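Undergrad: Take this structure, written in structure tokens, and hold onto it; I'll ask about it next.
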Amino acid sequence: MIKDIDKQIAAWHENNEPAKIIELLESLPQPALTRERMGWLARAYNNLAGEEDKPEYYETAIRVLESIRDEESEKDELWNHRMGFALYHLDREGEAAEYFLRTLDGNPYDSLRDDTKALLDDCYKFLAFPRYVKGSFAERVEQTWTAFAEHEAELRRLVDEGAPGEEIQHLAFSSLQTAFPDLSFEIGTKNYHIILSAGGTWMLYLLFRYFLSRMPESVRAYWKFSIGRNANPDLVINFGEGPVPAEEVKVVLTEDEGGE
């Protein structure tokens, strides 16, 4: 009889014996299956899936994690990492990336953070747009931040001096285009704030999330980046013939020949 179940599970995990962990945990009565133990069960199925090359175990891990999904678990870095890990190995990189981002949003210990970043990088290699042919998306993100860091002081100078918006936009775009050749964005002419526009594209939103997670501290010290603009009742649109307040703007949706 096992006297200390948690200690035994830790030992089996250390010795890479997931099958024994599964057998023990699944033999316990339901009241004994705490949230933490259910997490261990999912981890064991993830590990056994790779060990025995049985992807159906990743599906089992997902079902186990879903059974304890709530607001608390969705903020837990271990729960998110395990969910992302299972999805990643089922070739569902888009979904996995979101869970890995949530893992990094938490407070993961060093090795978990490093593992998560590596898996997230792999996700974006698969998710990168087809038109990108030179280097992985992760590599282009690093190159873009390097370029932006080199030009950000000049950008701040232009903002401070009240330079024309077109000049500020041009320099900002030239620094960001390696990662996003067709980027739509806004940049403040009175502050250091860049608003990225996903244009309703879910995939682009995920790429932006990854992009911002790699922002170097030297840039973060001065610049604020955000995805999308919050509602602003004081918004004014300028078409070159004078400002037009938001309440006077009418938006009409039409359907093109392609049905869009």
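Chain labels A, B, ... are given in the sequence in which chains occur in the structure tokens; within each chain residues are numbered consecutively from 1, and ligands are likewise numbered from 1 in the order shown.
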Skip Phe100 (chain A) itself and residues of its chain fewer than 5 positions away, then list as a ChimeraX atom specification all residues within 7 Å of it, counting only C-alpha atoms.

TA: /A:80-81,84,116,120

Undergrad: For Val64 (chain A), please output as an MDAnalysis selection string all residues within 10 Å (counting only C-alpha atoms; exclusion window: fewer than 5 positions along the same chain).

TA: chainID A and resid 38:43 45 58:59 69 83

Undergrad: Give me the residues near Leu158 (chain A) as a list in words, where near means some atom within 9 Å (using only C-alpha atoms) and where sequence neighbours in that chain fewer than 4 positions away do not count.

TA: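 My list of contacting residues is Ala153, Glu154, Gly162, Ala163, Pro164, Glu167, Ile168 and Thr189 of chain A.
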
Undergrad: Just list the residues in region 92-154 of chain A DSSP gives helix (DSSP H, G or I) on the backbone, as a ChimeraX atom specification.

TA: /A:93-105,110-127,137-154
